[in-house]
Each structure stands twice: as C-alpha cells, then as structure tokens.
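Here's the structure, in structure tokens; my notes come after.
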Amino acid sequence: MSLKEKISSDAITAMKKKDKDTLGVLRMIKSKILEQEVQLRSKKGKDYQLTDEETLGVITSYAKQRKQSIDSYTEAGRMDLADQEKKELEILNDYLPRQLSRDDIEKLVDEAIAVSGAANLKDMGLVMKTVMPMLKGAADGKTVNEVVRSKLA
C-alpha cells in the first residue's frame with residue numbers, strides 16, 4: 001500500500017470513528033498532495049501520481065509549517081493555538097519516518113565528510129549535498145546543518 005493510499009484509508013477510518021482532528025489533518029494532507037500533483041502534471045503528464053518519496057516530501061513540508069506555527073504561537077502567548085498545532089503535528093508524525101538521534105546524524109555527517117573530502121566550512125555545500133539524500137526525511141535539515149557546521153568549524 002502506498003503512502004497516499006494509507007492516508008486515504010486512514011481518513012476513511014477517522015471519518016467512521018468521528019475523529020474530527022485526525023480527519024481534518026488527513027484531508028489537509030490529501031489536499032496538499034493533490035495540489036502538488038496538479039503542479040507536476042503539466043510537466044510530467046496528465047496522469048501523473050506522486051511517488052511515496054514525493055508524498056513524504058509534502059508531508060514533511062506540512063509538518064515543518066506546523067513546527068513554525070507552534071513556535072510563533074508560543075512566542076505570542078497563544079498556548080491554545082500552539083496546543084492545537086501540536087496535536088496536528090503528532091498526527092503527521094505517524095506518516096513520517098522515525099527521526100534520527102543527533103548521534104546517528106553525526107555518524108552520517110562524518111561519512112559524508114569522508115566521502116566528499118570536505119576540509120572546512122567552504123565545503124559545507126558538498127557535505128550537505130552528500131548527507132541529505134542519505135537521511136531521506138529522517139532528520140530536520142536545520143539540525144543537520146548545525147552538525148555539519150560544528151564538524152567543519
């Protein structure tokens with residue numbers, strides 16, 4: 001079952017259980033996926049469907065928006081809205097790969113540095129270009145960036 005099919009199936013289950021929070025998030029994800037497909041259809045053909053990797057990218061992007069909203073609402077003292085965003089993020093996390101620990105990220109960054117031959121911060125782009133495909137959504141880019149900076153400094 002593809003990730004997109006799983007989301008549709010889970011949306012039907014949420015509808016039957018009358019779980020409005022989960023249903024709302026899943027409908028939004030489905031909407032974002034459809035939006036992305038429509039954009040890509042002009043380039044890749046009218047029957048184009050997102051791959052699981054592309055679908056994961058859409059979900060990751062939406063989760064990142066939720067994290068930013070949580071930070072904004074927390075800064076503004078709107079804990080009620082921050083809590084709602086946290087609930088949505090928890091639902092989204094069920095569809096994202098398990099996030100790697102900082103130690104695991106550091107190991108992968110060490111490998112990427114060795115492969116790319118990076119020596120200083122000027123080579124940071126090479127390292128990021130090497131390590132990000134290895135992670136495939138299992139780590140936040142900001143965290144990876146911090147680790148790379150600390151290793152190359």
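Residue numbering restarts at 1 in every chain; chains get A, B, ... in the order shown in the structure tokens, and ligands count up from 1 in that same order.
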What are the closest atom pairs, with distances in Å to one decimal, for each residue of stretch 26-123 of chain A lying within 12 Å of stretch 129-151 of chain A, using only C-alpha atoms, rows by chain and rising residue number, as a tab-separated table?
```
residue	atom	partner	partner_atom	distance
A:Asp52	CA	A:Lys136	CA	11.4
A:Glu53	CA	A:Lys136	CA	8.2
A:Glu54	CA	A:Lys136	CA	10.6
A:Thr55	CA	A:Gly137	CA	11.1
A:Leu56	CA	A:Gly137	CA	7.6
A:Gly57	CA	A:Gly137	CA	7.5
A:Val58	CA	A:Gly137	CA	10.7
A:Ile59	CA	A:Gly137	CA	9.8
A:Thr60	CA	A:Gly137	CA	7.1
A:Ser61	CA	A:Gly137	CA	10.0
A:Ala63	CA	A:Asp140	CA	10.6
A:Lys64	CA	A:Asp140	CA	8.8
A:Lys67	CA	A:Asp140	CA	11.1
A:Asn93	CA	A:Ala138	CA	11.0
A:Tyr95	CA	A:Gly137	CA	11.0
A:Leu96	CA	A:Gly137	CA	7.5
A:Pro97	CA	A:Ala138	CA	5.5
A:Arg98	CA	A:Ala138	CA	6.0
A:Gln99	CA	A:Ala138	CA	4.6
A:Leu100	CA	A:Ala138	CA	5.7
A:Ser101	CA	A:Ala139	CA	8.2
A:Arg102	CA	A:Thr143	CA	8.0
A:Asp103	CA	A:Val147	CA	9.7
A:Asp104	CA	A:Ala139	CA	9.6
A:Ile105	CA	A:Val144	CA	6.8
A:Glu106	CA	A:Val147	CA	6.4
A:Lys107	CA	A:Val147	CA	10.0
A:Leu108	CA	A:Val131	CA	6.7
A:Val109	CA	A:Val131	CA	6.2
A:Asp110	CA	A:Lys151	CA	7.9
A:Glu111	CA	A:Val131	CA	8.2
A:Ala112	CA	A:Val131	CA	5.5
A:Ile113	CA	A:Thr130	CA	8.3
A:Ala114	CA	A:Thr130	CA	10.2
A:Val115	CA	A:Thr130	CA	8.0
A:Ser116	CA	A:Thr130	CA	7.2
A:Gly117	CA	A:Thr130	CA	10.8
A:Ala118	CA	A:Lys151	CA	10.1
A:Ala119	CA	A:Lys151	CA	9.5
A:Asn120	CA	A:Lys151	CA	8.7
A:Leu121	CA	A:Arg149	CA	6.7
A:Lys122	CA	A:Arg149	CA	10.1
A:Asp123	CA	A:Val148	CA	9.9
```
Tell me which protein, DNA and RNA residues are within 12 Å of A:Ser9, counting only C-alpha atoms, leaving out same-chain ones fewer than 5 positions away, and put them as an MDAnalysis selection string. chainID A and resid 1:4 14:16 23 26:27 30
Suppose you want the space between atom CA of A:Leu92 and atom CA of A:Ile7; what is it in Å?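 Between atom CA of A:Leu92 and atom CA of A:Ile7 the gap works out to 10.3 Å.
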Computed interatomic separation between atom CA of A:Glu5 and atom CA of A:Gln49 (Å): 11.5 Å
Which one of A:Ile12, A:Ile33, A:Gly125, A:Asp94 sits closest to A:Thr51 if you count only C-alpha atoms? A:Ile33
To test your reading of the structure, identify every residue in stretch 59-110 of chain A that backbone DSSP assigns to helix (DSSP H, G or I), and report it as JSON, numbers by chain. {"A": [59, 60, 61, 62, 63, 64, 65, 66, 67, 68, 69, 70, 71, 72, 73, 74, 75, 79, 80, 81, 82, 83, 84, 85, 86, 87, 88, 89, 90, 91, 92, 93, 102, 103, 104, 105, 106, 107, 108, 109, 110]}
